[in-house]
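Listing of coords.csv, CSV, C-alpha atoms
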chain,number,residue,atom,x,y,z
A,1,MET,CA,118.3,88.1,76.8
A,2,GLN,CA,119.2,91.3,78.6
A,3,ALA,CA,117.3,92.2,81.8
A,4,LEU,CA,117.5,94.9,84.4
A,5,VAL,CA,118.2,93.0,87.7
A,6,LYS,CA,118.4,94.0,91.3
A,7,THR,CA,121.4,91.8,91.9
A,8,ARG,CA,121.7,91.9,95.7
A,9,LYS,CA,120.5,93.8,98.7
A,10,GLY,CA,121.7,97.3,99.5
A,11,ALA,CA,121.5,100.7,97.8
A,12,GLY,CA,122.1,100.5,94.1
A,13,ASN,CA,123.1,97.0,92.9
A,14,VAL,CA,121.0,97.3,89.8
A,15,GLU,CA,122.5,96.4,86.4
A,16,LEU,CA,121.7,95.0,82.9
A,17,VAL,CA,122.7,91.4,82.8
A,18,GLU,CA,122.2,88.4,80.5
A,19,VAL,CA,119.6,85.9,81.7
A,20,PRO,CA,118.0,82.9,80.0
A,21,GLU,CA,114.8,83.5,78.1
A,22,PRO,CA,111.9,82.1,80.1
A,23,ARG,CA,109.8,79.2,78.8
A,24,PRO,CA,106.1,79.0,79.7
A,25,ASP,CA,104.9,76.2,81.9
A,26,LYS,CA,101.7,74.4,80.9
A,27,ASP,CA,99.5,77.1,82.5
A,28,GLU,CA,101.7,80.1,81.5
A,29,VAL,CA,101.8,82.5,78.6
A,30,LEU,CA,105.0,83.9,77.2
A,31,VAL,CA,104.8,87.7,76.6
A,32,ARG,CA,107.2,89.7,74.5
A,33,VAL,CA,107.4,92.9,76.5
A,34,GLU,CA,106.9,96.0,74.3
A,35,ALA,CA,106.7,98.6,77.0
A,36,ALA,CA,107.4,98.8,80.8
A,37,GLY,CA,106.7,101.8,83.0
A,38,VAL,CA,109.1,103.1,85.6
A,39,CYS,CA,107.4,103.5,89.0
A,40,GLY,CA,108.4,105.2,92.2
A,41,THR,CA,108.5,101.7,93.7
A,42,ASP,CA,111.3,100.8,91.3
A,43,ILE,CA,113.3,103.8,92.6
A,44,HIS,CA,112.7,102.7,96.2
A,45,ILE,CA,113.9,99.2,95.2
A,46,PHE,CA,117.0,100.8,93.7
A,47,HIS,CA,117.7,102.5,96.9
A,48,ASP,CA,116.7,99.5,99.0
A,49,THR,CA,113.9,101.4,100.8
A,50,PHE,CA,111.2,99.0,99.6
A,51,LYS,CA,111.1,95.3,100.4
A,52,ASN,CA,112.6,93.2,97.6
A,53,ARG,CA,114.1,89.7,97.2
A,54,PRO,CA,117.1,89.8,94.9
A,55,PRO,CA,118.3,88.6,92.5
A,56,VAL,CA,115.1,89.7,90.7
A,57,ILE,CA,114.3,91.2,87.3
A,58,MET,CA,112.7,94.6,88.1
A,59,GLY,CA,109.5,96.1,86.6
A,60,HIS,CA,105.9,95.6,87.4
A,61,GLU,CA,104.1,97.8,84.8
A,62,LEU,CA,104.1,96.2,81.4
A,63,SER,CA,102.3,95.5,78.1
A,64,GLY,CA,103.3,93.3,75.2
A,65,VAL,CA,102.3,90.5,72.8
A,66,VAL,CA,101.6,86.9,73.4
A,67,VAL,CA,104.3,84.8,71.5
A,68,ASP,CA,103.9,81.3,73.1
A,69,LYS,CA,101.7,79.5,75.6
A,70,GLY,CA,101.4,76.3,77.6
A,71,ASN,CA,99.1,73.5,76.6
A,72,ASP,CA,96.6,74.3,79.4
A,73,CYS,CA,96.1,77.9,78.2
A,74,VAL,CA,92.9,78.5,76.2
A,75,GLU,CA,91.9,82.2,76.6
A,76,PHE,CA,94.8,83.9,74.8
A,77,GLN,CA,96.4,83.3,71.5
A,78,GLU,CA,99.7,84.2,69.9
A,79,GLY,CA,99.5,87.8,68.6
A,80,ASP,CA,97.1,89.0,71.3
A,81,ARG,CA,98.0,92.5,72.7
A,82,VAL,CA,98.0,92.3,76.5
A,83,THR,CA,98.8,94.0,79.8
A,84,CYS,CA,99.7,92.0,82.9
A,85,GLU,CA,98.7,92.1,86.6
A,86,SER,CA,101.6,92.5,89.0
A,87,SER,CA,100.3,89.8,91.4
A,88,LEU,CA,102.0,86.8,89.6
A,89,SER,CA,101.0,84.2,92.2
A,90,PHE,CA,99.3,83.9,95.6
A,91,CYS,CA,98.5,81.0,98.0
A,92,GLY,CA,94.8,80.5,97.0
A,93,ARG,CA,94.1,79.2,100.6
A,94,CYS,CA,94.0,82.2,102.9
A,95,ARG,CA,90.8,84.1,103.7
A,96,TYR,CA,91.9,86.9,101.4
A,97,CYS,CA,92.4,84.6,98.4
A,98,ARG,CA,89.2,82.7,99.1
A,99,THR,CA,87.2,85.9,99.0
A,100,GLY,CA,88.9,87.2,95.8
A,101,ARG,CA,91.2,89.7,97.6
A,102,TYR,CA,94.4,88.1,96.5
A,103,ASN,CA,96.2,91.5,96.6
A,104,LEU,CA,96.1,91.1,100.4
A,105,CYS,CA,97.7,87.6,100.4
A,106,ALA,CA,100.8,87.4,102.6
A,107,ASN,CA,102.3,84.9,100.2
A,108,ARG,CA,101.7,87.0,97.1
A,109,LYS,CA,104.6,87.0,94.5
A,110,ILE,CA,104.9,90.4,92.9
A,111,ALA,CA,106.5,91.1,89.6
A,112,GLY,CA,109.7,93.0,90.0
A,113,VAL,CA,109.8,92.6,93.8
A,114,ASN,CA,110.0,89.0,94.7
A,115,ALA,CA,109.3,87.5,91.3
A,116,ASP,CA,110.9,88.3,87.9
A,117,GLY,CA,109.2,91.3,86.2
A,118,GLY,CA,109.0,93.2,83.0
A,119,PHE,CA,112.3,95.0,82.5
A,120,ALA,CA,113.3,92.3,80.1
A,121,ARG,CA,112.6,91.1,76.6
A,122,TYR,CA,110.2,88.4,77.7
A,123,ILE,CA,108.2,87.4,80.7
A,124,ALA,CA,106.3,84.2,81.4
A,125,VAL,CA,103.2,84.5,83.5
A,126,ALA,CA,100.1,82.6,84.5
A,127,GLU,CA,97.4,83.1,81.9
A,128,ARG,CA,95.0,84.5,84.6
A,129,CYS,CA,97.4,87.5,85.0
A,130,LEU,CA,96.6,88.9,81.5
A,131,HIS,CA,94.1,91.4,80.2
A,132,ARG,CA,93.6,92.4,76.6
A,133,LEU,CA,94.5,95.9,75.6
A,134,PRO,CA,91.5,97.9,74.4
A,135,GLU,CA,91.5,99.0,70.8
A,136,GLY,CA,93.1,102.4,70.4
A,137,VAL,CA,95.5,102.0,73.3
A,138,ASP,CA,99.1,101.5,72.2
A,139,PHE,CA,101.7,99.5,74.1
A,140,VAL,CA,103.2,102.6,75.8
A,141,GLY,CA,99.8,103.6,77.2
A,142,GLY,CA,99.0,100.0,77.9
A,143,ALA,CA,101.9,99.7,80.3
A,144,LEU,CA,100.1,102.2,82.6
A,145,PHE,CA,97.1,99.9,83.4
A,146,GLU,CA,98.8,98.6,86.6
A,147,PRO,CA,99.0,102.0,88.3
A,148,LEU,CA,95.6,102.9,86.9
A,149,ALA,CA,94.1,99.7,88.5
A,150,VAL,CA,95.7,100.8,91.8
A,151,THR,CA,94.0,104.2,91.6
A,152,VAL,CA,90.6,102.6,90.7
A,153,LEU,CA,90.8,100.5,93.8
A,154,GLY,CA,91.7,103.4,96.0
A,155,VAL,CA,89.3,106.1,94.5
A,156,SER,CA,86.3,104.1,93.4
A,157,GLU,CA,86.1,101.2,95.8
A,158,LEU,CA,87.9,102.2,99.0
A,159,ALA,CA,87.2,105.9,99.1
A,160,GLY,CA,83.8,105.3,97.4
A,161,VAL,CA,83.9,108.5,95.3
A,162,ALA,CA,80.5,109.1,93.8
A,163,ALA,CA,78.5,111.6,91.8
A,164,GLY,CA,78.2,114.9,93.6
A,165,ASP,CA,81.4,114.5,95.7
A,166,LEU,CA,84.0,117.2,95.8
A,167,VAL,CA,87.4,115.5,95.6
A,168,TYR,CA,90.8,117.1,96.2
A,169,VAL,CA,93.8,115.3,94.7
A,170,SER,CA,97.2,116.3,96.0
A,171,GLY,CA,100.1,115.8,93.6
A,172,PRO,CA,99.7,116.1,89.8
A,173,GLY,CA,102.0,113.3,88.9
A,174,PRO,CA,101.0,110.2,86.9
A,175,LEU,CA,99.1,108.7,89.9
A,176,GLY,CA,97.4,112.0,90.8
A,177,LEU,CA,96.3,112.7,87.2
A,178,MET,CA,95.0,109.1,87.0
A,179,ALA,CA,93.2,109.4,90.3
A,180,ALA,CA,91.7,112.7,89.2
A,181,GLN,CA,90.4,111.2,85.9
A,182,VAL,CA,88.9,108.3,87.8
A,183,ALA,CA,87.1,110.6,90.3
A,184,ARG,CA,85.8,112.7,87.4
A,185,ALA,CA,84.6,109.5,85.7
A,186,GLU,CA,82.6,108.7,88.8
A,187,GLY,CA,80.8,112.0,88.6
A,188,ALA,CA,82.8,114.0,91.1
A,189,THR,CA,83.9,117.6,90.9
A,190,VAL,CA,87.7,117.4,91.1
A,191,ILE,CA,90.5,119.8,92.2
A,192,VAL,CA,94.1,118.9,91.7
A,193,GLY,CA,96.7,120.7,93.8
A,194,GLY,CA,100.4,121.1,92.9
A,195,ARG,CA,103.4,123.3,93.3
A,196,SER,CA,104.9,126.0,91.1
A,197,ARG,CA,107.2,123.5,89.4
A,198,ASP,CA,104.1,121.5,88.5
A,199,LYS,CA,102.8,124.2,86.2
A,200,GLU,CA,102.8,122.0,83.1
A,201,ARG,CA,101.3,119.0,84.9
A,202,LEU,CA,98.5,121.1,86.2
A,203,ALA,CA,97.9,122.4,82.7
A,204,LEU,CA,97.8,118.8,81.4
A,205,GLY,CA,95.2,118.1,84.1
A,206,LYS,CA,93.0,120.8,82.7
A,207,SER,CA,93.3,119.4,79.2
A,208,LEU,CA,92.3,116.0,80.6
A,209,GLY,CA,89.0,117.4,81.8
A,210,ILE,CA,89.8,118.1,85.5
A,211,ASP,CA,87.5,120.8,86.8
A,212,TYR,CA,90.0,122.9,88.9
A,213,THR,CA,93.7,123.1,89.6
A,214,VAL,CA,95.5,125.1,92.3
A,215,ASN,CA,99.1,126.1,92.9
A,216,VAL,CA,99.4,125.5,96.6
A,217,GLU,CA,102.5,127.7,96.8
A,218,ARG,CA,100.6,130.7,95.5
A,219,ASN,CA,97.0,130.1,96.6
A,220,ASP,CA,95.4,128.6,99.6
A,221,PRO,CA,93.7,125.3,98.5
A,222,ARG,CA,91.4,125.5,101.5
A,223,SER,CA,89.9,128.7,100.2
A,224,MET,CA,89.1,127.1,96.9
A,225,VAL,CA,87.7,124.0,98.6
A,226,ASP,CA,85.5,126.2,100.9
A,227,ASP,CA,84.2,128.2,98.0
A,228,LEU,CA,83.1,125.0,96.2
A,229,SER,CA,81.7,123.3,99.3
A,230,GLU,CA,79.8,126.0,101.2
A,231,GLY,CA,82.7,126.0,103.7
A,232,TYR,CA,82.4,122.3,104.6
A,233,GLY,CA,85.5,121.0,102.9
A,234,ALA,CA,86.2,118.2,100.4
A,235,ASP,CA,84.2,115.0,100.7
A,236,VAL,CA,87.2,113.0,99.6
A,237,VAL,CA,91.0,113.8,99.6
A,238,VAL,CA,93.4,111.6,97.7
A,239,GLU,CA,97.1,112.0,98.5
A,240,CYS,CA,99.3,111.1,95.6
A,241,ALA,CA,102.4,113.2,96.2
A,242,GLY,CA,104.0,111.0,98.9
A,243,HIS,CA,105.1,114.1,100.9
A,244,PRO,CA,104.4,115.1,104.5
A,245,SER,CA,103.3,118.6,103.6
A,246,SER,CA,100.8,117.1,101.1
A,247,VAL,CA,99.4,114.9,103.9
A,248,SER,CA,99.0,118.0,106.1
A,249,THR,CA,97.1,119.8,103.3
A,250,CYS,CA,94.8,116.9,102.7
A,251,LEU,CA,94.0,116.6,106.4
A,252,GLU,CA,93.3,120.3,106.4
A,253,VAL,CA,90.9,120.5,103.4
A,254,VAL,CA,88.9,117.3,104.0
A,255,ARG,CA,85.5,117.9,105.7
A,256,ARG,CA,84.3,116.4,109.0
A,257,GLY,CA,83.0,112.9,108.3
A,258,GLY,CA,85.0,112.9,105.0
A,259,ARG,CA,87.2,110.2,103.5
A,260,TYR,CA,91.0,110.2,103.2
A,261,CYS,CA,92.7,108.0,100.6
A,262,GLN,CA,96.5,107.5,100.7
A,263,ILE,CA,98.0,106.4,97.3
A,264,GLY,CA,101.4,108.0,97.3
A,265,LEU,CA,104.3,106.2,99.0
A,266,PHE,CA,106.9,107.9,101.1
A,267,GLY,CA,109.7,105.4,101.3
A,268,LYS,CA,110.2,106.2,105.0
A,269,SER,CA,108.3,106.9,108.2
A,270,ILE,CA,106.8,110.4,108.4
A,271,GLU,CA,105.2,112.5,111.1
A,272,VAL,CA,101.4,112.9,110.8
A,273,ASP,CA,98.9,114.8,112.9
A,274,PHE,CA,96.9,111.6,113.5
A,275,GLU,CA,94.6,113.3,115.9
A,276,LYS,CA,92.8,115.0,113.0
A,277,ILE,CA,91.3,111.6,112.2
A,278,PRO,CA,89.1,111.3,115.3
A,279,LEU,CA,88.6,115.0,115.6
A,280,LYS,CA,87.2,115.1,112.0
A,281,GLN,CA,85.8,111.5,112.2
A,282,LEU,CA,87.5,110.6,109.0
A,283,LYS,CA,87.5,107.3,107.1
A,284,VAL,CA,91.1,106.5,106.1
A,285,SER,CA,92.1,104.0,103.4
A,286,GLY,CA,94.8,103.1,100.9
A,287,PRO,CA,95.0,100.6,98.1
A,288,LEU,CA,97.5,97.7,98.3
A,289,ALA,CA,98.2,96.9,94.7
A,290,GLN,CA,95.0,95.8,92.9
A,291,TYR,CA,92.8,92.8,92.1
A,292,TRP,CA,90.7,91.6,89.2
A,293,PRO,CA,87.7,93.9,89.6
A,294,SER,CA,89.9,97.0,89.7
A,295,TRP,CA,91.7,95.8,86.6
A,296,ARG,CA,88.5,95.3,84.7
A,297,ARG,CA,87.1,98.7,85.7
A,298,ALA,CA,90.4,100.4,84.7
A,299,ILE,CA,90.3,98.8,81.3
A,300,GLU,CA,86.6,99.7,80.8
A,301,LEU,CA,87.1,103.3,81.8
A,302,THR,CA,89.9,103.6,79.3
A,303,ARG,CA,87.9,101.8,76.6
A,304,ALA,CA,85.1,104.3,77.2
A,305,GLY,CA,87.5,107.3,76.8
A,306,LYS,CA,86.9,108.4,80.4
A,307,VAL,CA,90.6,107.9,81.3
A,308,ARG,CA,93.4,108.8,79.0
A,309,LEU,CA,96.8,107.2,79.6
A,310,ARG,CA,99.1,108.0,76.7
A,311,GLU,CA,99.2,111.8,77.4
A,312,LEU,CA,100.8,110.9,80.8
A,313,VAL,CA,103.9,109.5,79.2
A,314,THR,CA,106.7,112.1,78.5
A,315,HIS,CA,109.7,109.8,78.0
A,316,VAL,CA,110.1,106.6,76.1
A,317,LEU,CA,113.6,105.1,76.3
A,318,PRO,CA,115.3,101.8,75.4
A,319,LEU,CA,116.0,99.5,78.3
A,320,SER,CA,119.7,100.3,78.0
A,321,GLU,CA,119.0,103.8,79.1
A,322,TRP,CA,117.3,102.8,82.4
A,323,GLU,CA,119.7,104.9,84.4
A,324,ALA,CA,118.6,108.0,82.5
A,325,ALA,CA,114.9,107.1,83.1
A,326,PHE,CA,115.6,106.6,86.9
A,327,ARG,CA,117.4,110.0,87.1
A,328,LEU,CA,114.5,111.7,85.3
A,329,HIS,CA,112.1,110.2,87.7
A,330,GLU,CA,114.1,111.3,90.8
A,331,ARG,CA,114.5,114.8,89.5
A,332,ASN,CA,110.7,114.9,88.9
A,333,GLU,CA,111.2,115.8,85.2
A,334,GLY,CA,108.4,115.2,82.9
A,335,LEU,CA,105.7,112.7,83.8
A,336,LYS,CA,105.7,109.0,83.2
A,337,LYS,CA,108.9,107.3,81.9
A,338,VAL,CA,108.5,104.1,79.9
A,339,LEU,CA,111.3,101.6,78.9
A,340,VAL,CA,111.2,99.6,75.7
A,341,PRO,CA,113.0,96.3,76.0
A,342,ASN,CA,112.6,95.2,72.4
Please go through the file and, once you have read it, give me the structure as structure tokens.
Amino acid sequence: MQALVKTRKGAGNVELVEVPEPRPDKDEVLVRVEAAGVCGTDIHIFHDTFKNRPPVIMGHELSGVVVDKGNDCVEFQEGDRVTCESSLSFCGRCRYCRTGRYNLCANRKIAGVNADGGFARYIAVAERCLHRLPEGVDFVGGALFEPLAVTVLGVSELAGVAAGDLVYVSGPGPLGLMAAQVARAEGATVIVGGRSRDKERLALGKSLGIDYTVNVERNDPRSMVDDLSEGYGADVVVECAGHPSSVSTCLEVVRRGGRYCQIGLFGKSIEVDFEKIPLKQLKVSGPLAQYWPSWRRAIELTRAGKVRLRELVTHVLPLSEWEAAFRLHERNEGLKKVLVPN
């Protein structure tokens, strides 16, 4: 089968190659991949600015159909529509694994990073990695559950967004619009900030039910936040743009005693006014991947219609056009790009 492989270390070194079709072990399920999302992490791996262990099939956001399974698998049957966790394996012995926080395991094997991922026709994974797609969610939308689970962990659990909170989300990309929907589902009033080139993304945010949007190049987001908070500032800020200026804005608009959640990745070291953390007595957090509870909550939010995924996808391309998808992502054109291996 054809697969998109990071063949060796160094910038670039990504190509479509022929690899053997995987066969499921006794505790594994074979999934025919119907859709696989392109993530900023994939771009960082392409440029070798994110840890990876080549040769490895890339791709960690996927959905598909169960086509075969090992003898020890009992939960899923052939024909089941599924999505897949990115944590393909972990040690099971460390304090993190023993308390269910396997996303923090130092020996975790991650799809598309140090274990073969979903940019291929098939993937074989442990049965515990799978979750059923809700009715009404197609494969393209279903490929986005992995990043949604990340935002659920960050917004709902780590930042503790709750009813009555004022939340400022910086960056109206796929992660930002997911984070905004999750915060809205928790009962918060949500502002999404973006730049002039994000006009269509901000408009989409409004159509998804986001309370307020602001063009930070034309209007001062602090002014809007102050108007909505009696001058105190946002209870929670969620940084999803992965840009130093976005961090500065978030640290400016968050209130004293507020919460800062970092979801966007920068791909390099940045300079931050870290002194604002003690001067404002902030609680700072950021999700590392996701674990079972965040997956279940992500799926239930979608099943209940409180989070919509399909509208975030603007480009669906065959696997053979992966270079075009990567270029679209780097040029910040459209929103989510999804590859179709089959």
**OP:** Mind listing whatever residues come within 12 Å of the point (112.6, 102.9, 92.4)? Use only C-alpha atoms, file coordinates, and give them as a PyMOL selection string.
**Re:** chain A and resi 6+11-12+14+37-52+58-60+112-113+265-267+322-323+325-330+337
Generate the output file for the selected residues, C-alpha atoms, as a PDB file, keeping the file's coordinate frame.
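Result saved to again_39.pdb:
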ATOM      1  CA  LYS A   6     118.400  94.000  91.300  1.00  0.00           C
ATOM      2  CA  ALA A  11     121.500 100.700  97.800  1.00  0.00           C
ATOM      3  CA  GLY A  12     122.100 100.500  94.100  1.00  0.00           C
ATOM      4  CA  VAL A  14     121.000  97.300  89.800  1.00  0.00           C
ATOM      5  CA  GLY A  37     106.700 101.800  83.000  1.00  0.00           C
ATOM      6  CA  VAL A  38     109.100 103.100  85.600  1.00  0.00           C
ATOM      7  CA  CYS A  39     107.400 103.500  89.000  1.00  0.00           C
ATOM      8  CA  GLY A  40     108.400 105.200  92.200  1.00  0.00           C
ATOM      9  CA  THR A  41     108.500 101.700  93.700  1.00  0.00           C
ATOM     10  CA  ASP A  42     111.300 100.800  91.300  1.00  0.00           C
ATOM     11  CA  ILE A  43     113.300 103.800  92.600  1.00  0.00           C
ATOM     12  CA  HIS A  44     112.700 102.700  96.200  1.00  0.00           C
ATOM     13  CA  ILE A  45     113.900  99.200  95.200  1.00  0.00           C
ATOM     14  CA  PHE A  46     117.000 100.800  93.700  1.00  0.00           C
ATOM     15  CA  HIS A  47     117.700 102.500  96.900  1.00  0.00           C
ATOM     16  CA  ASP A  48     116.700  99.500  99.000  1.00  0.00           C
ATOM     17  CA  THR A  49     113.900 101.400 100.800  1.00  0.00           C
ATOM     18  CA  PHE A  50     111.200  99.000  99.600  1.00  0.00           C
ATOM     19  CA  LYS A  51     111.100  95.300 100.400  1.00  0.00           C
ATOM     20  CA  ASN A  52     112.600  93.200  97.600  1.00  0.00           C
ATOM     21  CA  MET A  58     112.700  94.600  88.100  1.00  0.00           C
ATOM     22  CA  GLY A  59     109.500  96.100  86.600  1.00  0.00           C
ATOM     23  CA  HIS A  60     105.900  95.600  87.400  1.00  0.00           C
ATOM     24  CA  GLY A 112     109.700  93.000  90.000  1.00  0.00           C
ATOM     25  CA  VAL A 113     109.800  92.600  93.800  1.00  0.00           C
ATOM     26  CA  LEU A 265     104.300 106.200  99.000  1.00  0.00           C
ATOM     27  CA  PHE A 266     106.900 107.900 101.100  1.00  0.00           C
ATOM     28  CA  GLY A 267     109.700 105.400 101.300  1.00  0.00           C
ATOM     29  CA  TRP A 322     117.300 102.800  82.400  1.00  0.00           C
ATOM     30  CA  GLU A 323     119.700 104.900  84.400  1.00  0.00           C
ATOM     31  CA  ALA A 325     114.900 107.100  83.100  1.00  0.00           C
ATOM     32  CA  PHE A 326     115.600 106.600  86.900  1.00  0.00           C
ATOM     33  CA  ARG A 327     117.400 110.000  87.100  1.00  0.00           C
ATOM     34  CA  LEU A 328     114.500 111.700  85.300  1.00  0.00           C
ATOM     35  CA  HIS A 329     112.100 110.200  87.700  1.00  0.00           C
ATOM     36  CA  GLU A 330     114.100 111.300  90.800  1.00  0.00           C
ATOM     37  CA  LYS A 337     108.900 107.300  81.900  1.00  0.00           C
TER      38      LYS A 337
END
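Atom pair atom CA of Pro287 of chain A / atom CA of Leu104 of chain A has a distance of 9.8 Å (rounded to one decimal).
Between Val66 of chain A and the residues A:Leu30, A:Val17, A:Val182, A:Leu312, the shortest atom-to-atom distance, using all atoms listed in the file, involves A:Leu30.
We find atom CA of Tyr102 of chain A and atom CA of Leu88 of chain A to be spaced 10.3 Å apart.
Counting all atoms listed in the file, the residue from A:Cys250, A:Val150, A:Ala106, A:Leu133 that sits nearest to Val192 of chain A is A:Cys250.
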Original post:
atom CA of Gly187 of chain A to atom CA of Val167 of chain A: how many Å, to one decimal?
Top reply: 10.2 Å
Subject >> Among the residues A:Ser245, A:Arg310, A:Ser294, A:Val254, the one that comes closest to Glu271 of chain A [using all atoms listed in the file] >> reply: A:Ser245
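Distances here use all atoms listed in the file; by that measure, the residue among A:Glu275, A:Glu333, A:Glu85, A:Glu300 closest to Glu200 of chain A is A:Glu333.
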**OP:** May I ask which of the residues A:Lys9, A:Lys206, A:Arg121, A:Arg331 is the closest one to Val56 of chain A, counting only C-alpha atoms?
**Re:** A:Lys9
**OP:** Write out as an MDAnalysis selection string the residues lying within 10 Å of Ser320 of chain A, counting all atoms listed in the file and excluding same-chain residues fewer than 3 positions away.
**Re:** chainID A and resid 2:4 15:16 317 323:325 339:341
With the cut-off set at 10 Å and counting all atoms listed in the file, tabulate each residue of segment 62-161 of chain A with an atom at most that distance from an atom of segment 217-241 of chain A, showing the nearest atom pair and its distance in Å to one decimal, ordered by chain and increasing number, as JSON lines.
{"residue": "A:Thr151", "atom": "CA", "partner": "A:Cys240", "partner_atom": "CA", "distance": 9.6}
{"residue": "A:Gly154", "atom": "CA", "partner": "A:Val238", "partner_atom": "CA", "distance": 8.5}
{"residue": "A:Val155", "atom": "CA", "partner": "A:Val238", "partner_atom": "CA", "distance": 7.6}
{"residue": "A:Ala159", "atom": "CA", "partner": "A:Val236", "partner_atom": "CA", "distance": 7.1}
{"residue": "A:Gly160", "atom": "CA", "partner": "A:Val236", "partner_atom": "CA", "distance": 8.7}
{"residue": "A:Val161", "atom": "CA", "partner": "A:Val236", "partner_atom": "CA", "distance": 7.0}
